[in-house]
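Student: I am sharing run_18.cif, which consists of mmCIF, C-alpha atoms and all ligand atoms:
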```cif
data_coords
#
loop_
_atom_site.group_PDB
_atom_site.id
_atom_site.type_symbol
_atom_site.label_atom_id
_atom_site.label_comp_id
_atom_site.auth_asym_id
_atom_site.auth_seq_id
_atom_site.Cartn_x
_atom_site.Cartn_y
_atom_site.Cartn_z
ATOM 1 C CA MET A 12 0.000 0.000 0.000
ATOM 2 C CA THR A 13 1.430 3.420 -0.895
ATOM 3 C CA GLY A 14 0.787 6.365 1.378
ATOM 4 C CA GLY A 15 -1.526 4.088 3.214
ATOM 5 C CA GLN A 16 -3.778 5.487 5.864
ATOM 6 C CA LEU A 17 -6.257 3.383 7.679
ATOM 7 C CA SER A 18 -8.653 4.903 10.087
ATOM 8 C CA VAL A 19 -11.682 3.427 11.704
ATOM 9 C CA VAL A 20 -14.341 5.652 13.135
ATOM 10 C CA SER A 21 -17.191 3.978 14.858
ATOM 11 C CA CYS A 22 -20.091 5.178 16.929
ATOM 12 C CA GLN A 23 -22.743 3.586 19.090
ATOM 13 C CA TRP A 24 -24.635 2.386 16.018
ATOM 14 C CA ALA A 25 -21.566 0.431 15.003
ATOM 15 C CA VAL A 26 -21.342 2.269 11.718
ATOM 16 C CA ALA A 27 -17.772 2.488 10.578
ATOM 17 C CA THR A 28 -16.208 4.723 7.997
ATOM 18 C CA TRP A 29 -12.832 3.760 6.707
ATOM 19 C CA TYR A 30 -10.406 4.894 4.114
ATOM 20 C CA HIS A 31 -8.170 2.396 2.469
ATOM 21 C CA GLY A 32 -5.017 3.559 0.741
ATOM 22 C CA ARG A 33 -4.745 6.982 -0.838
ATOM 23 C CA ALA A 34 -7.917 8.998 -0.574
ATOM 24 C CA THR A 35 -8.170 9.949 -4.226
ATOM 25 C CA GLY A 36 -11.906 10.276 -4.236
ATOM 26 C CA ASN A 37 -12.429 7.504 -6.760
ATOM 27 C CA GLU A 38 -16.205 7.523 -6.866
ATOM 28 C CA ARG A 39 -16.429 4.086 -8.442
ATOM 29 C CA GLY A 40 -14.752 2.719 -5.354
ATOM 30 C CA ARG A 41 -17.427 4.088 -3.057
ATOM 31 C CA VAL A 42 -19.770 1.380 -2.043
ATOM 32 C CA TRP A 43 -22.456 0.901 0.495
ATOM 33 C CA ASP A 44 -22.149 -2.495 2.100
ATOM 34 C CA ASP A 45 -25.479 -3.692 3.497
ATOM 35 C CA ARG A 46 -24.073 -6.681 5.276
ATOM 36 C CA GLU A 47 -21.527 -4.768 7.297
ATOM 37 C CA SER A 48 -23.669 -1.630 7.554
ATOM 38 C CA SER A 49 -20.622 0.362 6.761
ATOM 39 C CA PHE A 50 -19.772 3.001 4.270
ATOM 40 C CA LYS A 51 -16.511 2.245 2.634
ATOM 41 C CA LYS A 52 -14.499 4.526 0.476
ATOM 42 C CA ARG A 53 -11.870 2.491 -1.257
ATOM 43 C CA ASP A 54 -9.313 3.393 -3.821
ATOM 44 C CA LEU A 55 -9.669 0.642 -6.373
ATOM 45 C CA GLY A 56 -6.256 1.623 -7.742
ATOM 46 C CA GLU A 57 -4.863 -0.326 -4.800
ATOM 47 C CA ALA A 58 -6.787 -3.452 -5.727
ATOM 48 C CA THR A 59 -4.866 -5.227 -8.447
ATOM 49 C CA VAL A 60 -6.011 -8.836 -8.530
ATOM 50 C CA GLU A 61 -7.185 -9.511 -12.089
ATOM 51 C CA THR A 62 -10.204 -11.747 -11.717
ATOM 52 C CA LEU A 63 -12.309 -13.892 -14.014
ATOM 53 C CA LEU A 64 -15.835 -14.721 -12.856
ATOM 54 C CA LEU A 65 -17.468 -17.665 -14.659
ATOM 55 C CA ILE A 66 -21.249 -17.778 -14.511
ATOM 56 C CA ASP A 67 -23.108 -21.109 -14.423
ATOM 57 C CA LEU A 68 -21.024 -23.186 -16.867
ATOM 58 C CA GLN A 69 -23.147 -26.191 -15.906
ATOM 59 C CA ASN A 70 -24.364 -29.193 -17.893
ATOM 60 C CA ASP A 71 -28.047 -28.248 -17.703
ATOM 61 C CA PHE A 72 -27.313 -25.015 -19.598
ATOM 62 C CA LEU A 73 -25.366 -26.814 -22.345
ATOM 63 C CA PRO A 74 -26.830 -28.576 -25.411
ATOM 64 C CA GLY A 75 -28.678 -31.694 -24.207
ATOM 65 C CA GLY A 76 -29.253 -30.173 -20.767
ATOM 66 C CA ALA A 77 -32.570 -29.419 -19.073
ATOM 67 C CA LEU A 78 -32.406 -25.689 -19.820
ATOM 68 C CA ALA A 79 -30.098 -25.777 -22.803
ATOM 69 C CA VAL A 80 -28.816 -22.388 -23.920
ATOM 70 C CA PRO A 81 -28.224 -22.319 -27.703
ATOM 71 C CA GLY A 82 -24.466 -22.490 -28.330
ATOM 72 C CA GLY A 83 -23.790 -22.680 -24.588
ATOM 73 C CA ASP A 84 -20.976 -25.192 -25.152
ATOM 74 C CA GLN A 85 -19.063 -22.581 -27.174
ATOM 75 C CA THR A 86 -18.341 -20.654 -23.978
ATOM 76 C CA ILE A 87 -16.229 -23.466 -22.498
ATOM 77 C CA PRO A 88 -13.159 -23.101 -24.765
ATOM 78 C CA VAL A 89 -13.241 -19.345 -24.141
ATOM 79 C CA ALA A 90 -13.157 -19.958 -20.372
ATOM 80 C CA ASN A 91 -10.352 -22.507 -20.712
ATOM 81 C CA ARG A 92 -8.298 -20.110 -22.834
ATOM 82 C CA LEU A 93 -8.744 -17.179 -20.440
ATOM 83 C CA MET A 94 -8.313 -18.855 -17.047
ATOM 84 C CA PRO A 95 -4.487 -19.196 -17.113
ATOM 85 C CA ARG A 96 -4.145 -15.449 -17.725
ATOM 86 C CA PHE A 97 -5.872 -14.452 -14.498
ATOM 87 C CA ASP A 98 -4.646 -14.117 -10.917
ATOM 88 C CA LEU A 99 -7.946 -15.400 -9.588
ATOM 89 C CA VAL A 100 -10.770 -17.453 -11.134
ATOM 90 C CA VAL A 101 -14.113 -17.694 -9.342
ATOM 91 C CA ALA A 102 -17.285 -19.425 -10.531
ATOM 92 C CA THR A 103 -20.967 -19.519 -9.699
ATOM 93 C CA GLN A 104 -23.321 -22.484 -9.837
ATOM 94 C CA ASP A 105 -27.092 -22.330 -10.067
ATOM 95 C CA TRP A 106 -27.858 -24.699 -7.189
ATOM 96 C CA HIS A 107 -31.531 -25.385 -6.653
ATOM 97 C CA PRO A 108 -33.305 -27.723 -4.246
ATOM 98 C CA ALA A 109 -35.562 -30.213 -6.088
ATOM 99 C CA ASN A 110 -38.666 -28.261 -5.017
ATOM 100 C CA HIS A 111 -37.455 -24.866 -6.190
ATOM 101 C CA GLY A 112 -40.240 -22.337 -6.806
ATOM 102 C CA SER A 113 -38.856 -21.360 -10.225
ATOM 103 C CA PHE A 114 -39.672 -24.847 -11.533
ATOM 104 C CA ALA A 115 -42.962 -25.139 -13.454
ATOM 105 C CA SER A 116 -43.257 -28.654 -12.002
ATOM 106 C CA GLN A 117 -43.940 -27.098 -8.577
ATOM 107 C CA HIS A 118 -47.026 -25.230 -9.793
ATOM 108 C CA PRO A 119 -49.832 -27.541 -10.967
ATOM 109 C CA GLY A 120 -51.532 -26.213 -14.071
ATOM 110 C CA ARG A 121 -48.603 -23.938 -14.947
ATOM 111 C CA ARG A 122 -46.194 -24.369 -17.780
ATOM 112 C CA VAL A 123 -42.611 -23.493 -18.582
ATOM 113 C CA GLY A 124 -42.514 -19.876 -19.732
ATOM 114 C CA ASP A 125 -45.481 -18.779 -17.589
ATOM 115 C CA ILE A 126 -44.909 -15.840 -15.274
ATOM 116 C CA ILE A 127 -46.250 -16.165 -11.739
ATOM 117 C CA GLN A 128 -45.968 -14.308 -8.441
ATOM 118 C CA LEU A 129 -43.484 -16.073 -6.187
ATOM 119 C CA ASP A 130 -43.253 -14.651 -2.681
ATOM 120 C CA GLY A 131 -44.270 -11.242 -4.058
ATOM 121 C CA LEU A 132 -41.916 -11.210 -7.019
ATOM 122 C CA GLU A 133 -42.560 -11.880 -10.701
ATOM 123 C CA GLN A 134 -41.081 -15.246 -11.575
ATOM 124 C CA MET A 135 -40.577 -16.880 -14.956
ATOM 125 C CA LEU A 136 -41.173 -20.621 -14.738
ATOM 126 C CA TRP A 137 -38.372 -22.874 -15.966
ATOM 127 C CA PRO A 138 -37.958 -26.592 -16.478
ATOM 128 C CA ASP A 139 -36.378 -28.378 -13.502
ATOM 129 C CA HIS A 140 -32.667 -27.578 -13.773
ATOM 130 C CA CYS A 141 -29.432 -27.504 -11.778
ATOM 131 C CA VAL A 142 -30.787 -29.535 -8.904
ATOM 132 C CA GLN A 143 -28.152 -29.723 -6.166
ATOM 133 C CA GLY A 144 -25.834 -32.699 -6.528
ATOM 134 C CA THR A 145 -27.190 -33.903 -9.892
ATOM 135 C CA ALA A 146 -25.126 -34.295 -13.067
ATOM 136 C CA GLY A 147 -27.047 -31.393 -14.592
ATOM 137 C CA ALA A 148 -25.792 -29.069 -11.869
ATOM 138 C CA ASP A 149 -22.188 -30.133 -12.334
ATOM 139 C CA PHE A 150 -19.700 -28.040 -14.290
ATOM 140 C CA SER A 151 -19.142 -29.048 -17.890
ATOM 141 C CA PRO A 152 -16.660 -31.952 -17.987
ATOM 142 C CA ASP A 153 -14.722 -29.963 -20.607
ATOM 143 C CA LEU A 154 -14.138 -27.049 -18.238
ATOM 144 C CA GLN A 155 -10.685 -26.944 -16.619
ATOM 145 C CA ARG A 156 -12.180 -26.734 -13.188
ATOM 146 C CA ASP A 157 -8.909 -27.126 -11.267
ATOM 147 C CA ARG A 158 -8.236 -23.488 -12.097
ATOM 148 C CA ILE A 159 -11.334 -22.358 -10.166
ATOM 149 C CA ARG A 160 -10.383 -21.102 -6.684
ATOM 150 C CA ALA A 161 -13.856 -20.576 -5.226
ATOM 151 C CA VAL A 162 -17.417 -21.499 -6.167
ATOM 152 C CA PHE A 163 -20.498 -19.573 -5.049
ATOM 153 C CA HIS A 164 -23.934 -21.200 -5.068
ATOM 154 C CA LYS A 165 -27.149 -19.333 -5.780
ATOM 155 C CA GLY A 166 -30.838 -20.184 -5.983
ATOM 156 C CA THR A 167 -30.680 -22.409 -2.915
ATOM 157 C CA ASP A 168 -33.805 -20.970 -1.233
ATOM 158 C CA PRO A 169 -36.919 -22.689 -2.675
ATOM 159 C CA ARG A 170 -39.023 -19.512 -2.269
ATOM 160 C CA ILE A 171 -36.886 -17.149 -4.310
ATOM 161 C CA ASP A 172 -34.803 -17.266 -7.468
ATOM 162 C CA SER A 173 -31.351 -15.809 -7.813
ATOM 163 C CA TYR A 174 -30.149 -14.759 -11.229
ATOM 164 C CA SER A 175 -27.277 -12.730 -9.841
ATOM 165 C CA GLY A 176 -24.229 -14.399 -8.348
ATOM 166 C CA PHE A 177 -24.248 -11.705 -5.640
ATOM 167 C CA TYR A 178 -27.832 -11.553 -4.332
ATOM 168 C CA ASP A 179 -31.202 -13.245 -4.575
ATOM 169 C CA ASN A 180 -33.733 -11.523 -6.839
ATOM 170 C CA SER A 181 -35.085 -9.340 -4.027
ATOM 171 C CA HIS A 182 -31.567 -8.305 -2.953
ATOM 172 C CA ARG A 183 -32.230 -9.582 0.547
ATOM 173 C CA ARG A 184 -29.568 -12.196 0.939
ATOM 174 C CA SER A 185 -25.960 -11.947 -0.184
ATOM 175 C CA THR A 186 -24.108 -15.020 -1.429
ATOM 176 C CA GLY A 187 -20.894 -13.624 0.064
ATOM 177 C CA LEU A 188 -19.349 -13.117 -3.373
ATOM 178 C CA ALA A 189 -18.836 -9.333 -3.092
ATOM 179 C CA GLU A 190 -17.250 -9.656 0.338
ATOM 180 C CA TYR A 191 -14.962 -12.431 -0.921
ATOM 181 C CA LEU A 192 -13.863 -10.436 -3.975
ATOM 182 C CA ARG A 193 -13.081 -7.399 -1.809
ATOM 183 C CA GLU A 194 -11.065 -9.505 0.609
ATOM 184 C CA GLN A 195 -9.073 -10.886 -2.304
ATOM 185 C CA GLY A 196 -8.229 -7.347 -3.489
ATOM 186 C CA VAL A 197 -9.996 -7.712 -6.802
ATOM 187 C CA GLY A 198 -9.204 -4.931 -9.266
ATOM 188 C CA ASN A 199 -10.566 -5.606 -12.727
ATOM 189 C CA LEU A 200 -13.394 -8.104 -12.794
ATOM 190 C CA TYR A 201 -14.053 -9.938 -16.079
ATOM 191 C CA ILE A 202 -17.380 -11.755 -16.285
ATOM 192 C CA MET A 203 -18.595 -14.360 -18.794
ATOM 193 C CA GLY A 204 -20.881 -17.384 -18.949
ATOM 194 C CA LEU A 205 -24.514 -18.403 -19.106
ATOM 195 C CA ALA A 206 -26.948 -17.023 -19.739
ATOM 196 C CA THR A 207 -26.388 -13.505 -21.122
ATOM 197 C CA ASP A 208 -30.006 -12.374 -20.614
ATOM 198 C CA TYR A 209 -30.440 -13.752 -17.071
ATOM 199 C CA CYS A 210 -27.610 -14.715 -14.789
ATOM 200 C CA VAL A 211 -24.786 -12.906 -16.578
ATOM 201 C CA LYS A 212 -26.811 -9.703 -16.867
ATOM 202 C CA PHE A 213 -27.909 -9.545 -13.230
ATOM 203 C CA THR A 214 -24.466 -10.536 -11.950
ATOM 204 C CA VAL A 215 -22.866 -7.772 -14.006
ATOM 205 C CA LEU A 216 -25.372 -5.140 -12.821
ATOM 206 C CA ASP A 217 -24.740 -6.082 -9.173
ATOM 207 C CA ALA A 218 -20.959 -6.134 -9.713
ATOM 208 C CA VAL A 219 -21.034 -2.602 -11.127
ATOM 209 C CA ALA A 220 -23.285 -1.429 -8.269
ATOM 210 C CA ALA A 221 -20.851 -2.971 -5.765
ATOM 211 C CA GLY A 222 -18.112 -0.723 -7.157
ATOM 212 C CA PHE A 223 -16.035 -3.212 -9.151
ATOM 213 C CA ARG A 224 -14.496 -2.295 -12.511
ATOM 214 C CA VAL A 225 -16.379 -4.736 -14.706
ATOM 215 C CA SER A 226 -15.756 -6.018 -18.220
ATOM 216 C CA VAL A 227 -18.082 -8.495 -19.897
ATOM 217 C CA VAL A 228 -16.389 -10.990 -22.231
ATOM 218 C CA THR A 229 -19.142 -11.076 -24.845
ATOM 219 C CA ASP A 230 -17.910 -14.072 -26.876
ATOM 220 C CA GLY A 231 -17.815 -16.055 -23.622
ATOM 221 C CA CYS A 232 -21.570 -15.564 -23.157
ATOM 222 C CA ARG A 233 -24.664 -17.109 -24.764
ATOM 223 C CA ALA A 234 -28.311 -16.156 -24.279
ATOM 224 C CA VAL A 235 -31.570 -18.004 -23.762
ATOM 225 C CA ASN A 236 -33.191 -15.478 -26.160
ATOM 226 C CA LEU A 237 -36.821 -16.257 -25.364
ATOM 227 C CA LYS A 238 -37.474 -13.108 -27.400
ATOM 228 C CA GLU A 239 -35.261 -12.349 -30.344
ATOM 229 C CA GLY A 240 -32.780 -9.645 -29.407
ATOM 230 C CA ASP A 241 -32.815 -10.349 -25.658
ATOM 231 C CA ASP A 242 -29.050 -10.891 -25.869
ATOM 232 C CA GLN A 243 -28.393 -7.487 -27.461
ATOM 233 C CA ARG A 244 -30.723 -5.734 -25.023
ATOM 234 C CA ALA A 245 -28.949 -7.427 -22.115
ATOM 235 C CA PHE A 246 -25.490 -6.365 -23.347
ATOM 236 C CA GLU A 247 -26.776 -2.815 -23.833
ATOM 237 C CA ALA A 248 -28.177 -2.726 -20.271
ATOM 238 C CA MET A 249 -24.809 -3.888 -18.918
ATOM 239 C CA ARG A 250 -22.953 -1.276 -20.954
ATOM 240 C CA ALA A 251 -25.349 1.495 -19.912
ATOM 241 C CA ALA A 252 -24.814 0.538 -16.253
ATOM 242 C CA GLY A 253 -21.061 1.062 -16.607
ATOM 243 C CA ALA A 254 -19.588 -2.278 -17.672
ATOM 244 C CA ASP A 255 -17.145 -2.467 -20.588
ATOM 245 C CA LEU A 256 -17.956 -4.941 -23.356
ATOM 246 C CA VAL A 257 -14.850 -6.777 -24.594
ATOM 247 C CA THR A 258 -14.069 -9.801 -26.738
ATOM 248 C CA SER A 259 -11.529 -12.394 -25.653
ATOM 249 C CA ASP A 260 -9.300 -11.911 -28.719
ATOM 250 C CA LYS A 261 -8.731 -8.253 -27.718
ATOM 251 C CA MET A 262 -7.631 -9.161 -24.201
ATOM 252 C CA ARG A 263 -3.969 -9.091 -23.263
ATOM 253 C CA GLY A 264 -1.875 -12.215 -22.844
HETATM 254 C C1 LIG B 301 -30.442 -19.124 -15.369
HETATM 255 C C2 LIG B 301 -32.688 -19.294 -15.790
HETATM 256 C C3 LIG B 301 -32.886 -19.967 -14.617
HETATM 257 C C4 LIG B 301 -29.100 -18.659 -15.813
HETATM 258 C C5 LIG B 301 -30.619 -19.808 -14.179
HETATM 259 O O1 LIG B 301 -28.066 -19.215 -15.366
HETATM 260 O O2 LIG B 301 -29.045 -17.711 -16.630
HETATM 261 N N1 LIG B 301 -31.487 -18.860 -16.152
HETATM 262 N N2 LIG B 301 -31.845 -20.222 -13.819
HETATM 263 ZN ZN ZN B 302 -32.054 -21.460 -12.098
#
```
Starting from the coordinates I provided, produce the structure as structure tokens.
Tutor:
Amino acid sequence: MTGGQLSVVSCQWAVATWYHGRATGNERGRVWDDRESSFKKRDLGEATVETLLLIDLQNDFLPGGALAVPGGDQTIPVANRLMPRFDLVVATQDWHPANHGSFASQHPGRRVGDIIQLDGLEQMLWPDHCVQGTAGADFSPDLQRDRIRAVFHKGTDPRIDSYSGFYDNSHRRSTGLAEYLREQGVGNLYIMGLATDYCVKFTVLDAVAAGFRVSVVTDGCRAVNLKEGDDQRAFEAMRAAGADLVTSDKMRG
């Protein structure tokens, strides 16, 4: 740390304000952390760990899987090519109990693609997929998984879905991913995986909101595309939120 200054100010409400490193006023490094109820002002220039975050590269999202994403298998070689270039590789897994409320099978009379109210939130109904411990929930056998340092599970609560790797869809419960990435000193965060229009999109939006410098590796993503153009609209939403869109061939190394 250069010119490091660390001060902790706390009061009876246990709210702490701390400055980490040089106080350059980097607004993108200013984040509100719900879990710790603290306001942190960090200089992301001090955080240098180049990190690749792989979203849901699981069998059920690949051709032949329960919720197959068209061309989903084409993301695996991109992940394998990129992983050795990064200091840290982290992955998410969609990890549902067998009775998950996002499954059409749990709602008699409803069909895949219907939209229902689930615990007060709009929920698209999906085929049963990524059930904890099943082959469908496992990473693709072609993925070089030994390069993955940490795996975060989402969608484990039967009453609520979780498209983002950071929070459930109502932003009530954190998966611990943001806290982990901060502890690791993550600088640039590159995100890719499945599916562009659901889990990649919501993970990227939360990552930007958490103050990370985010790039989306577009050729490492594939979309469900229930409506034509959902993929392009998703990329545009990520870009508008502050993420860079990059392709793997333009990345260094
Ligand atoms: C996903 C739908 C349902 C995803 C997960 O990984 O994008 N999509 N569950
Ligand atoms: Zn799911």
Student: Do you know which residues the PyMOL selection byres (((chain A and resi 106) around 12) and not hetatm) returns on this file, as a compact mmCIF listing (two decimals) with C-alpha atoms, keeping the file's coordinate frame?
Tutor:
```txt
# COMPACT_ATOMS: atom_id res chain seq x y z
CA ASP A 67 -23.11 -21.11 -14.42
CA LEU A 68 -21.02 -23.19 -16.87
CA GLN A 69 -23.15 -26.19 -15.91
CA ASP A 71 -28.05 -28.25 -17.70
CA THR A 103 -20.97 -19.52 -9.70
CA GLN A 104 -23.32 -22.48 -9.84
CA ASP A 105 -27.09 -22.33 -10.07
CA HIS A 107 -31.53 -25.38 -6.65
CA PRO A 108 -33.30 -27.72 -4.25
CA ALA A 109 -35.56 -30.21 -6.09
CA ASN A 110 -38.67 -28.26 -5.02
CA HIS A 111 -37.46 -24.87 -6.19
CA SER A 113 -38.86 -21.36 -10.22
CA ASP A 139 -36.38 -28.38 -13.50
CA HIS A 140 -32.67 -27.58 -13.77
CA CYS A 141 -29.43 -27.50 -11.78
CA VAL A 142 -30.79 -29.54 -8.90
CA GLN A 143 -28.15 -29.72 -6.17
CA GLY A 144 -25.83 -32.70 -6.53
CA THR A 145 -27.19 -33.90 -9.89
CA ALA A 146 -25.13 -34.30 -13.07
CA GLY A 147 -27.05 -31.39 -14.59
CA ALA A 148 -25.79 -29.07 -11.87
CA ASP A 149 -22.19 -30.13 -12.33
CA PHE A 150 -19.70 -28.04 -14.29
CA VAL A 162 -17.42 -21.50 -6.17
CA PHE A 163 -20.50 -19.57 -5.05
CA HIS A 164 -23.93 -21.20 -5.07
CA LYS A 165 -27.15 -19.33 -5.78
CA GLY A 166 -30.84 -20.18 -5.98
CA THR A 167 -30.68 -22.41 -2.92
CA ASP A 168 -33.80 -20.97 -1.23
CA PRO A 169 -36.92 -22.69 -2.68
CA ASP A 172 -34.80 -17.27 -7.47
CA SER A 173 -31.35 -15.81 -7.81
CA TYR A 174 -30.15 -14.76 -11.23
CA GLY A 176 -24.23 -14.40 -8.35
CA THR A 186 -24.11 -15.02 -1.43
```
Student: Please expand the PyMOL selection byres (((chain A and resi 87-97) around 12) and not hetatm) into the concrete residues it hits in this file, giving the result as a ChimeraX atom specification.
Tutor: /A:59-70,72-73,82-86,98-102,150-160,197-205,228-233,258-264
Student: Expand the PyMOL selection byres (((chain A and resi 193) around 10) and not hetatm) into the explicit residue set it covers here, and present it as a list in words.
Tutor: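 Checked against the file, the PyMOL selection byres (((chain A and resi 193) around 10) and not hetatm) matches Arg53, Leu55, Ala58, Val60, Leu188, Ala189, Glu190, Tyr191, Leu192, Glu194, Gln195, Gly196, Val197, Gly198, Ala221, Gly222 and Phe223 of chain A.
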Student: Just checking: using all atoms listed in the file, which residue out of A:Ala115, A:Val235, A:Cys210, A:Ala220 ends up closest to ligand LIG 301 (chain B)?
Tutor: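 Checking each candidate against ligand LIG 301 (chain B), we get A:Cys210 as the closest.
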Student: CA of Ala251 in chain A and CA of Glu57 in chain A, how far apart in Å?
Tutor: 25.5 Å
Student: For each of A:Arg184, A:Arg170, A:Lys212, A:Arg121, take the minimum atom-to-atom distance to ligand LIG 301 (chain B), counting only C-alpha atoms and all ligand atoms, then give the residue where this is smallest.
Tutor: A:Lys212
Student: Could you state the separation of CA of Thr214 in chain A and CA of Val227 in chain A in Å, given to one decimal place?
Tutor: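 Separation of CA of Thr214 in chain A and CA of Val227 in chain A: 10.4 Å.
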Student: For CA of Ile127 in chain A and CA of Gly112 in chain A, quote the distance in Å rounded to one decimal.
Tutor: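 Between these atoms lies a distance of 9.9 Å.
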